[in-house]
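S.K.: Below is the file target.txt, which contains compact mmCIF, C-alpha atoms and all ligand atoms.
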# COMPACT_ATOMS: atom_id res chain seq x y z
CA MET A 1 88.16 12.93 -22.12
CA ASP A 2 87.00 12.60 -25.69
CA ASN A 3 86.22 16.10 -26.91
CA SER A 4 85.18 15.19 -30.44
CA ILE A 5 81.95 16.78 -31.58
CA GLN A 6 79.03 14.48 -32.23
CA MET A 7 75.98 15.02 -34.40
CA CYS A 8 73.85 13.39 -31.71
CA ASP A 9 75.22 12.38 -28.30
CA LEU A 10 73.06 9.60 -26.87
CA VAL A 11 75.61 8.19 -24.45
CA SER A 12 75.92 11.38 -22.40
CA GLN A 13 72.13 11.57 -22.15
CA TYR A 14 72.06 8.00 -20.87
CA GLU A 15 74.80 8.71 -18.33
CA GLY A 16 72.70 11.51 -16.86
CA LEU A 17 69.72 9.18 -16.45
CA LYS A 18 71.64 5.97 -15.78
CA GLU A 19 70.31 5.22 -12.32
CA GLU A 20 66.67 5.68 -13.28
CA ILE A 21 66.97 3.80 -16.57
CA ASP A 22 68.98 0.90 -15.14
CA ALA A 23 66.47 0.47 -12.32
CA ALA A 24 63.53 0.52 -14.74
CA VAL A 25 65.14 -2.01 -17.10
CA SER A 26 66.18 -4.30 -14.29
CA GLN A 27 62.67 -4.27 -12.88
CA VAL A 28 61.27 -5.44 -16.24
CA MET A 29 63.90 -8.18 -16.49
CA SER A 30 62.92 -9.53 -13.08
CA SER A 31 59.20 -9.31 -13.89
CA GLY A 32 59.27 -12.01 -16.56
CA ARG A 33 56.79 -9.94 -18.59
CA TYR A 34 58.64 -8.87 -21.73
CA ILE A 35 55.89 -8.37 -24.31
CA LYS A 36 52.81 -6.19 -23.62
CA GLY A 37 51.86 -6.16 -19.95
CA LEU A 38 51.68 -3.38 -17.41
CA GLU A 39 54.83 -1.51 -18.46
CA VAL A 40 53.60 -1.01 -22.01
CA GLU A 41 50.06 -0.20 -20.88
CA SER A 42 51.28 2.38 -18.34
CA PHE A 43 53.51 4.02 -20.92
CA GLU A 44 50.63 4.26 -23.41
CA ASN A 45 48.40 5.86 -20.79
CA GLU A 46 51.05 8.33 -19.65
CA LEU A 47 51.93 9.32 -23.20
CA ALA A 48 48.26 9.69 -24.22
CA GLU A 49 47.71 12.01 -21.30
CA TRP A 50 50.88 14.05 -21.96
CA ILE A 51 50.18 14.49 -25.66
CA GLY A 52 46.46 15.09 -25.17
CA SER A 53 44.98 12.22 -27.14
CA LYS A 54 42.18 9.87 -26.14
CA ASN A 55 44.10 6.83 -27.38
CA CYS A 56 47.76 5.89 -27.69
CA ILE A 57 48.66 2.57 -29.32
CA SER A 58 52.33 1.60 -29.23
CA CYS A 59 53.95 -0.41 -32.03
CA GLY A 60 57.32 -1.58 -33.33
CA ASN A 61 58.56 1.60 -35.05
CA GLY A 62 57.45 4.82 -36.72
CA THR A 63 57.25 3.28 -40.18
CA ASP A 64 54.82 0.61 -38.95
CA ALA A 65 52.81 3.36 -37.26
CA LEU A 66 52.33 5.10 -40.63
CA TYR A 67 51.41 1.81 -42.32
CA LEU A 68 48.92 0.91 -39.58
CA ALA A 69 47.35 4.38 -39.77
CA LEU A 70 46.78 3.95 -43.51
CA LEU A 71 45.28 0.48 -43.04
CA ALA A 72 42.91 1.86 -40.40
CA LEU A 73 41.51 4.38 -42.91
CA ASP A 74 40.36 1.49 -45.10
CA LEU A 75 41.03 3.21 -48.45
CA LYS A 76 40.35 1.45 -51.76
CA PRO A 77 43.48 0.04 -53.45
CA GLY A 78 45.11 2.65 -55.67
CA THR A 79 43.64 5.61 -53.80
CA GLU A 80 45.95 8.61 -53.85
CA VAL A 81 47.66 9.72 -50.66
CA ILE A 82 49.43 13.09 -50.67
CA THR A 83 52.75 13.43 -48.85
CA PRO A 84 55.98 15.40 -49.32
CA SER A 85 58.95 14.11 -51.31
CA PHE A 86 61.30 16.19 -49.14
CA THR A 87 61.25 13.84 -46.13
CA PHE A 88 62.44 10.51 -44.80
CA VAL A 89 61.25 7.64 -47.03
CA ALA A 90 58.88 6.08 -44.46
CA SER A 91 55.62 7.83 -45.36
CA VAL A 92 56.01 7.01 -49.05
CA GLU A 93 57.08 3.45 -48.30
CA ALA A 94 54.01 2.96 -46.07
CA ILE A 95 51.69 4.31 -48.77
CA VAL A 96 53.06 1.93 -51.41
CA ARG A 97 53.07 -1.05 -48.99
CA ALA A 98 49.41 -0.33 -48.21
CA GLY A 99 48.57 -0.66 -51.93
CA LEU A 100 47.95 3.08 -52.31
CA LYS A 101 49.46 5.67 -54.63
CA PRO A 102 51.83 8.36 -53.34
CA VAL A 103 51.25 11.83 -54.75
CA TYR A 104 53.89 14.39 -53.87
CA ALA A 105 53.26 17.88 -52.57
CA ASP A 106 56.02 20.46 -52.62
CA VAL A 107 57.14 22.12 -49.39
CA ASP A 108 57.57 25.69 -48.20
CA LYS A 109 61.09 26.97 -48.86
CA ASP A 110 61.43 28.36 -45.33
CA THR A 111 59.64 25.87 -43.04
CA PHE A 112 60.44 22.78 -45.20
CA CYS A 113 56.85 21.55 -44.58
CA VAL A 114 53.86 21.03 -46.90
CA THR A 115 51.28 23.82 -46.88
CA ARG A 116 47.63 24.16 -47.82
CA GLU A 117 48.69 25.67 -51.16
CA THR A 118 51.15 22.92 -52.12
CA VAL A 119 48.73 20.18 -51.08
CA GLU A 120 45.74 21.80 -52.81
CA LYS A 121 47.65 21.79 -56.13
CA VAL A 122 47.82 18.00 -56.20
CA ILE A 123 44.36 17.07 -54.86
CA THR A 124 42.31 15.05 -57.36
CA PRO A 125 38.90 13.31 -57.10
CA ASN A 126 40.90 10.18 -56.16
CA THR A 127 42.67 11.73 -53.14
CA GLY A 128 41.87 9.69 -50.04
CA ALA A 129 44.23 11.05 -47.41
CA ILE A 130 47.12 13.38 -46.70
CA ILE A 131 50.18 12.45 -44.63
CA VAL A 132 51.61 15.74 -43.41
CA VAL A 133 55.17 15.52 -42.10
CA HIS A 134 56.11 17.78 -39.20
CA LEU A 135 59.71 18.01 -40.37
CA PHE A 136 62.77 18.61 -38.16
CA GLY A 137 60.74 19.28 -35.01
CA GLN A 138 58.02 21.76 -35.88
CA CYS A 139 54.42 21.41 -36.99
CA CYS A 140 53.09 22.19 -40.44
CA ASP A 141 50.58 25.02 -40.79
CA MET A 142 47.85 22.88 -39.22
CA ASP A 143 45.27 25.68 -39.02
CA SER A 144 44.93 25.80 -42.79
CA LEU A 145 45.67 22.12 -43.44
CA MET A 146 42.96 20.93 -41.01
CA ASP A 147 40.59 23.39 -42.62
CA LEU A 148 41.46 22.03 -46.07
CA GLY A 149 40.89 18.45 -44.91
CA LYS A 150 37.53 19.33 -43.44
CA SER A 151 36.32 21.31 -46.45
CA ARG A 152 37.35 18.60 -48.94
CA GLY A 153 36.41 15.62 -46.77
CA ILE A 154 39.97 14.27 -46.84
CA ARG A 155 41.46 12.61 -43.77
CA ILE A 156 44.81 13.69 -42.40
CA ILE A 157 47.57 11.60 -40.83
CA GLU A 158 50.41 13.38 -39.03
CA ASP A 159 53.93 12.04 -39.34
CA ALA A 160 55.17 13.41 -36.02
CA CYS A 161 58.21 11.11 -35.91
CA GLN A 162 60.56 14.09 -35.63
CA SER A 163 58.33 16.38 -33.65
CA ILE A 164 56.43 14.50 -30.99
CA GLY A 165 54.58 16.93 -28.78
CA SER A 166 55.66 20.17 -30.50
CA GLY A 167 53.12 22.71 -29.31
CA TYR A 168 50.69 24.20 -31.81
CA THR A 169 48.36 27.14 -31.19
CA PHE A 170 45.35 27.51 -33.49
CA GLN A 171 43.95 30.88 -34.58
CA ASP A 172 41.08 30.47 -32.12
CA GLY A 173 43.62 30.20 -29.30
CA SER A 174 43.20 26.46 -28.68
CA GLN A 175 46.42 24.50 -28.24
CA LYS A 176 47.39 20.98 -29.17
CA ARG A 177 50.52 18.94 -29.44
CA GLY A 178 51.97 17.70 -32.72
CA GLY A 179 50.78 14.11 -33.24
CA ALA A 180 47.47 14.75 -31.47
CA ILE A 181 45.95 17.20 -33.96
CA ALA A 182 44.62 15.32 -37.00
CA ASP A 183 42.66 12.05 -37.46
CA ILE A 184 45.65 9.88 -36.61
CA GLY A 185 49.15 10.87 -35.48
CA CYS A 186 52.25 8.69 -35.78
CA THR A 187 55.55 8.89 -33.99
CA SER A 188 58.85 7.04 -33.66
CA PHE A 189 61.03 6.30 -30.64
CA PHE A 190 64.15 5.66 -32.73
CA PRO A 191 67.07 6.59 -30.43
CA SER A 192 67.85 9.98 -32.00
CA LYS A 193 64.25 11.24 -31.98
CA ASN A 194 63.08 13.76 -29.39
CA LEU A 195 61.68 10.93 -27.25
CA GLY A 196 63.96 8.04 -28.12
CA CYS A 197 64.28 4.54 -26.68
CA MET A 198 67.27 2.17 -26.90
CA GLY A 199 66.09 0.22 -29.89
CA ASP A 200 63.09 0.57 -32.16
CA GLY A 201 59.65 1.77 -31.12
CA GLY A 202 56.68 3.76 -32.33
CA ALA A 203 53.16 4.84 -31.47
CA LEU A 204 49.89 6.12 -32.91
CA PHE A 205 47.49 8.66 -31.44
CA THR A 206 43.82 9.11 -32.23
CA ASN A 207 40.68 10.46 -30.62
CA ASN A 208 38.61 8.12 -32.81
CA ASP A 209 37.81 4.93 -30.86
CA HIS A 210 36.99 2.96 -34.01
CA TYR A 211 40.43 3.69 -35.50
CA ALA A 212 42.07 2.97 -32.13
CA ALA A 213 40.47 -0.47 -31.80
CA LYS A 214 41.28 -1.33 -35.39
CA ILE A 215 44.92 -0.21 -35.10
CA ARG A 216 45.34 -2.15 -31.85
CA SER A 217 44.04 -5.29 -33.54
CA LEU A 218 46.01 -4.76 -36.79
CA ALA A 219 49.27 -4.35 -34.85
CA ASN A 220 48.59 -7.66 -33.14
CA HIS A 221 48.01 -9.95 -36.15
CA GLY A 222 44.47 -8.64 -36.68
CA MET A 223 43.38 -10.51 -33.59
CA ALA A 224 39.99 -9.94 -31.96
CA GLN A 225 40.00 -12.30 -29.01
CA ARG A 226 42.90 -14.64 -28.59
CA TYR A 227 43.29 -16.79 -31.72
CA HIS A 228 40.25 -15.24 -33.40
CA TYR A 229 41.20 -12.96 -36.27
CA GLN A 230 39.20 -10.10 -37.77
CA TYR A 231 41.80 -8.51 -40.09
CA ILE A 232 45.00 -9.47 -41.87
CA GLY A 233 47.37 -7.71 -39.55
CA ILE A 234 51.05 -7.53 -38.76
CA ASN A 235 53.16 -8.16 -35.68
CA SER A 236 54.33 -4.77 -34.48
CA ARG A 237 54.87 -4.29 -30.76
CA LEU A 238 56.81 -2.11 -28.36
CA ASP A 239 58.98 -4.18 -25.99
CA ALA A 240 58.38 -3.84 -22.26
CA ILE A 241 62.04 -2.89 -21.78
CA GLN A 242 61.70 -0.05 -24.27
CA ALA A 243 58.46 1.06 -22.63
CA ALA A 244 60.22 1.18 -19.25
CA ILE A 245 63.02 3.33 -20.71
CA LEU A 246 60.48 5.59 -22.40
CA ARG A 247 58.54 6.06 -19.16
CA VAL A 248 61.72 7.38 -17.54
CA LYS A 249 62.49 9.64 -20.49
CA LEU A 250 58.93 10.97 -20.71
CA ARG A 251 59.40 12.35 -17.19
CA HIS A 252 62.36 14.35 -18.52
CA ILE A 253 60.95 15.43 -21.85
CA GLY A 254 60.53 19.04 -20.73
CA GLU A 255 64.26 19.21 -19.95
CA PHE A 256 65.09 17.66 -23.33
CA PHE A 257 62.99 20.30 -25.11
CA TYR A 258 64.63 23.02 -23.04
CA SER A 259 68.17 21.84 -23.91
CA ARG A 260 67.40 21.65 -27.60
CA SER A 261 65.70 25.03 -27.74
CA SER A 262 68.52 26.68 -25.74
CA ALA A 263 71.03 25.25 -28.19
CA ALA A 264 68.90 26.60 -31.07
CA VAL A 265 68.83 30.06 -29.47
CA TYR A 266 72.63 30.01 -29.34
CA TYR A 267 72.95 28.96 -32.99
CA ASP A 268 70.29 31.49 -34.05
CA SER A 269 72.06 34.41 -32.44
CA HIS A 270 75.57 33.44 -33.52
CA LEU A 271 74.69 32.49 -37.09
CA SER A 272 72.80 35.66 -37.97
CA GLY A 273 74.28 39.09 -38.67
CA ASP A 274 77.29 38.91 -41.00
CA LEU A 275 76.50 35.33 -41.99
CA GLU A 276 72.96 36.08 -43.20
CA LYS A 277 74.22 36.70 -46.73
CA TYR A 278 75.49 33.13 -46.92
CA ILE A 279 73.26 30.97 -44.77
CA SER A 280 69.76 31.13 -43.33
CA ILE A 281 68.80 29.91 -39.90
CA PRO A 282 65.58 27.84 -39.46
CA SER A 283 62.25 29.66 -39.88
CA ILE A 284 59.50 28.94 -37.44
CA GLN A 285 56.01 28.13 -38.69
CA LYS A 286 53.40 30.51 -37.29
CA GLY A 287 51.50 28.82 -34.48
CA SER A 288 54.11 26.08 -33.98
CA VAL A 289 56.76 25.60 -31.34
CA HIS A 290 60.00 24.22 -32.77
CA THR A 291 61.48 21.32 -30.80
CA TYR A 292 64.60 21.06 -33.00
CA ASN A 293 65.01 17.38 -33.64
CA GLN A 294 67.30 18.85 -36.29
CA TYR A 295 68.79 22.32 -36.55
CA THR A 296 68.85 22.76 -40.31
CA ILE A 297 70.29 25.76 -42.10
CA LYS A 298 70.16 26.64 -45.77
CA VAL A 299 73.43 27.37 -47.53
CA SER A 300 73.17 29.64 -50.56
CA GLY A 301 75.39 30.06 -53.61
CA GLY A 302 75.86 26.34 -54.28
CA LYS A 303 78.41 26.13 -51.44
CA ARG A 304 76.69 23.54 -49.24
CA ASP A 305 79.01 20.65 -50.00
CA LEU A 306 82.13 22.83 -49.85
CA LEU A 307 81.07 24.08 -46.41
CA ARG A 308 80.24 20.57 -45.29
CA ASN A 309 83.65 19.21 -46.32
CA TYR A 310 85.42 22.15 -44.71
CA LEU A 311 83.58 21.58 -41.43
CA ALA A 312 84.36 17.85 -41.56
CA ASP A 313 88.08 18.72 -41.87
CA LYS A 314 87.75 20.88 -38.77
CA GLY A 315 86.14 18.01 -36.85
CA VAL A 316 82.60 19.37 -37.07
CA PRO A 317 80.16 16.69 -38.23
CA THR A 318 77.05 17.71 -40.17
CA MET A 319 74.36 15.78 -42.02
CA VAL A 320 72.28 16.40 -45.11
CA TYR A 321 68.63 15.65 -44.44
CA TYR A 322 67.77 15.01 -47.23
CA PRO A 323 70.15 14.84 -50.19
CA ASN A 324 67.68 13.27 -52.66
CA PRO A 325 63.94 13.74 -53.06
CA ILE A 326 62.01 10.48 -52.70
CA HIS A 327 60.35 10.80 -56.12
CA LEU A 328 63.80 10.63 -57.77
CA GLN A 329 64.96 7.44 -56.02
CA PRO A 330 64.92 4.23 -58.10
CA PRO A 331 62.03 2.36 -56.42
CA TYR A 332 59.79 5.44 -56.39
CA MET A 333 61.00 7.13 -59.60
CA GLU A 334 58.38 9.46 -60.95
CA LYS A 335 59.29 12.35 -63.19
CA GLU A 336 56.32 12.86 -65.43
CA GLY A 337 53.81 15.39 -64.21
CA VAL A 338 55.74 15.90 -61.00
CA CYS A 339 56.68 19.51 -60.33
CA LEU A 340 58.53 20.00 -57.05
CA PRO A 341 60.98 22.87 -57.59
CA VAL A 342 61.38 23.77 -53.91
CA THR A 343 61.98 20.15 -52.91
CA GLU A 344 64.61 19.70 -55.60
CA SER A 345 66.49 22.89 -54.71
CA LEU A 346 66.33 22.31 -50.93
CA CYS A 347 68.12 18.99 -51.38
CA ASN A 348 71.14 21.00 -52.55
CA GLU A 349 70.93 23.68 -49.85
CA VAL A 350 70.09 22.13 -46.48
CA LEU A 351 72.65 21.29 -43.85
CA SER A 352 71.89 20.00 -40.36
CA LEU A 353 74.28 20.99 -37.57
CA PRO A 354 75.07 18.99 -34.41
CA MET A 355 71.93 19.05 -32.24
CA HIS A 356 71.08 17.00 -29.16
CA THR A 357 70.23 17.39 -25.50
CA GLU A 358 73.84 17.45 -24.29
CA LEU A 359 75.31 20.24 -26.45
CA SER A 360 77.51 22.58 -24.44
CA GLU A 361 78.17 26.19 -25.40
CA SER A 362 81.84 25.38 -25.88
CA ILE A 363 80.96 22.76 -28.50
CA GLN A 364 78.55 25.14 -30.19
CA GLU A 365 81.21 27.81 -30.19
CA ARG A 366 83.53 25.47 -32.11
CA VAL A 367 80.78 24.76 -34.65
CA VAL A 368 79.98 28.44 -35.12
CA ASN A 369 83.65 29.48 -35.33
CA ALA A 370 84.34 26.88 -38.00
CA ILE A 371 81.44 28.24 -40.08
CA LYS A 372 82.69 31.82 -39.58
CA CYS A 373 86.17 30.73 -40.59
CA PHE A 374 84.84 29.27 -43.84
CA TYR A 375 83.20 32.58 -44.76
CA ARG A 376 86.04 34.63 -43.27
CA VAL A 377 83.69 36.72 -41.14
C1 LIG B 1 62.31 8.44 -38.19
C2 LIG B 1 61.23 8.79 -39.11
C3 LIG B 1 60.26 7.85 -39.51
C4 LIG B 1 60.34 6.38 -39.23
O1 LIG B 1 60.55 6.00 -37.95
P1 LIG B 1 61.21 4.54 -37.63
O2 LIG B 1 60.89 4.36 -36.20
O3 LIG B 1 62.65 4.67 -37.91
O4 LIG B 1 60.52 3.55 -38.49
C5 LIG B 1 59.21 8.29 -40.30
N1 LIG B 1 59.11 9.56 -40.69
C6 LIG B 1 60.03 10.49 -40.36
C7 LIG B 1 59.85 11.89 -40.83
C8 LIG B 1 61.12 10.13 -39.57
O5 LIG B 1 62.03 11.05 -39.26
What does this structure look like when you write it as C-alpha cells?

M.R.:
Amino acid sequence: MDNSIQMCDLVSQYEGLKEEIDAAVSQVMSSGRYIKGLEVESFENELAEWIGSKNCISCGNGTDALYLALLALDLKPGTEVITPSFTFVASVEAIVRAGLKPVYADVDKDTFCVTRETVEKVITPNTGAIIVVHLFGQCCDMDSLMDLGKSRGIRIIEDACQSIGSGYTFQDGSQKRGGAIADIGCTSFFPSKNLGCMGDGGALFTNNDHYAAKIRSLANHGMAQRYHYQYIGINSRLDAIQAAILRVKLRHIGEFFYSRSSAAVYYDSHLSGDLEKYISIPSIQKGSVHTYNQYTIKVSGGKRDLLRNYLADKGVPTMVYYPNPIHLQPPYMEKEGVCLPVTESLCNEVLSLPMHTELSESIQERVVNAIKCFYRV
C-alpha cells in the first residue's frame, strides 16, 4: 500500500463512494441527456434547499459564477468593486472581465478575511459592490459586513468557493449558510473543494428572483426563449454527469464536514502548547463555523519556507495559499495608493497542511511529529 502523505486525497474519497457514484454516472450515460435536463434540475433544487436559498443556478465553474453575479448587478463600466488581494485570483479576474475596477481591501491577520473596517477604508462614491471571500472554509464577519452594505446601499456578493454551506449565526440568533447570506453567493465544485465534482462546476445562490432569472439567461447565451436573446451572455453549464456525482456527494456532505473538522481538532490540539511560540493555528471568526477547506497555520520568525522545505524532505507535502498578493501580479499590478500591510505579510507566513476527508490520525501524527522535529520540541 502506498503510504505517502497527500495534500488532498480524492481517490480514497471516491473509493468509499464508488458504488453510488458509478451507478449515478452510468444512469446519466444511458439516459442520453448530457446537458441540462432532470439531473441538473434536481441537483439545483436539492442544493438550494440544503443551503437555504430560494434559487440555485448551476454553471461551468466558480470563476464564471463570480462573473455572472457581477453581470447580474448591472453596474456601470468602471464602477469600483471591493475584494481582497489575499485570495485566489478569480474574484479580481471576474471584476476586470466585467469591465469594472477592482479595489483591494486588506484582511484580518487572524481570520484571513476582509472585515467591515478594512472594507470601509476603501469605499468611495464610486463603489458599486463588494465581493467578500469566505477564505479557507469559514465565513467573513457577515453581521457587520451585511450591516455595512445595507447602510451604504452597496450590494454584496459572497465568494463561497472554499466554504460552501459553512454555518453562520447572526447576533439576533438567526442562522444561515455561507453562500446564502448576501445578495448573490457563488461557489465552485472544483474537485478539491468541500463539495467537489470530477471536473469543473459552479453555482450561484440568490433569494432575488430578478437576479436569478437574469443569471440563468446570461449563463445560457443570454437566451430568453429558444433562439431569442435578451442579453449578451456566455455558455457556462454544469454537465449532467457532474450533477449526478454532486447529488451523491451532497448526501454525504455532513460526513465530509465531520471528517475535516475532526482532523482540524487533532491538528489544533497537537500544534498548540510548546509550538505556540513558533506557529499559530487557525482562528475562528465569531459567528462562523469553520469547514476547513484548508487548514492554514501562520509561521513566525521568517521561517515559513525553511519549515516547508524541511517537511517536504520528510515526505510531508504542504502548500502556500497564497504566496503573492493579487495586486502585485503583472496583469493586476497596482502599487500606488494601495496599502495592504496584512496581506503582504501573510503571504510570507501562511502554510496549509494536508487536509481532506480521508486523513487518518496516523497520517496526522506524522505531519505533527515532523513539525515538532523541526522546532525540536
Ligand atoms: C476555487 C476558487 C474559485 C474559482 O473556482 P473555479 O471553479 O476553479 O473557477 C474562486 N474563488 C476562490 C476563493 C476559490 O478558492

S.K.: Give me, as a PyMOL selection string, the set of residues whose atoms come within 9 Å of any atom of ligand LIG 1 (chain B), counting all atoms listed in the file.

M.R.: chain A and resi 60-66+87-91+133-136+159-163+186-193+200-202+293

S.K.: Within 9 Å of range 257-266 of chain A, counting only C-alpha atoms, which residues show up once you throw out same-chain ones fewer than 5 positions away? Write them as a list in words, please.

M.R.: Asn194, His252, Leu271, His290, Thr291, Tyr292, Asn293, Tyr295, Met355, His356, Thr357, Glu358, Leu359, Ser360, Glu361, Gln364 and Glu365 of chain A

S.K.: Find the residues around Ile326 in chain A up to 7 Å (all atoms listed in the file counted), leave out those fewer than 6 positions away in its own chain, and share them as a ChimeraX atom specification.

M.R.: /A:85-86,89,332

S.K.: Do you know which residues are at most 12 Å from Lys314 in chain A counting only C-alpha atoms, after dropping those on the same chain fewer than 3 positions away, and could you put them as a list in words?

M.R.: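 So the residues in contact are Ser4, Ile5, Leu307, Arg308, Asn309, Tyr310, Leu311, Pro317, Thr318, Arg366, Val367, Val368, Asn369, Ala370, Ile371, Cys373 and Phe374 of chain A.
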
S.K.: List the neighbours of range 147-157 of chain A out to 7 Å using only C-alpha atoms; skip same-chain residues closer than 5 positions along the sequence, and give me the result as a list in words.

M.R.: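 Returned residues: Arg116, Gly128, Ala129, Ile130, Ile131, Val132, Ala182, Asp183, Ile184 and Gly185 of chain A.
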
S.K.: With all atoms listed in the file as the atoms that count, which of A:Ile245, A:Ala69, A:Leu275, A:Val338 lies nearest to Phe205 in chain A?

M.R.: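 Closest residue, counting all atoms listed in the file: A:Ala69.
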
S.K.: Calculated over all atoms listed in the file, which of the candidates A:Gly287, A:Glu120, A:Met146, A:Leu100 has the smallest distance to Phe170 in chain A?

M.R.: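 Among A:Gly287, A:Glu120, A:Met146, A:Leu100, it is A:Gly287 that comes nearest to Phe170 in chain A.
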
S.K.: Have a look at A:Cys113, A:Ile181, A:Cys59, A:Ile363 and name the one nearest to Gln242 in chain A; count all atoms listed in the file.

M.R.: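 Distance minimum relative to Gln242 in chain A lands on A:Cys59.
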
S.K.: Between CA of Ser166 in chain A and CA of Val320 in chain A, what is the spacing in Å?

M.R.: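 Between CA of Val320 in chain A and CA of Ser166 in chain A the gap works out to 22.4 Å.
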
S.K.: Using all atoms listed in the file, find each residue in range 121-208 of chain A having at least one atom no more than 10 Å away from range 30-51 of chain A; report its shortest atom-to-atom pair and that distance in Å (one decimal), rows by chain then rising number, as a tab-separated table.

M.R.:
residue	atom	partner	partner_atom	distance
A:Ile164	CA	A:Ile51	CA	8.2
A:Gly165	CA	A:Ile51	CA	5.9
A:Ser166	CA	A:Ile51	CA	9.3
A:Gly167	CA	A:Ile51	CA	9.5
A:Lys176	CA	A:Ile51	CA	7.9
A:Arg177	CA	A:Ile51	CA	5.8
A:Gly178	CA	A:Ile51	CA	8.0
A:Gly179	CA	A:Ile51	CA	7.6
A:Ala180	CA	A:Ile51	CA	6.4
A:Ile181	CA	A:Ile51	CA	9.7
A:Ala203	CA	A:Glu44	CA	8.5
A:Leu204	CA	A:Ala48	CA	9.5
A:Phe205	CA	A:Ala48	CA	7.3
A:Thr206	CA	A:Ala48	CA	9.2
A:Asn207	CA	A:Ala48	CA	10.0
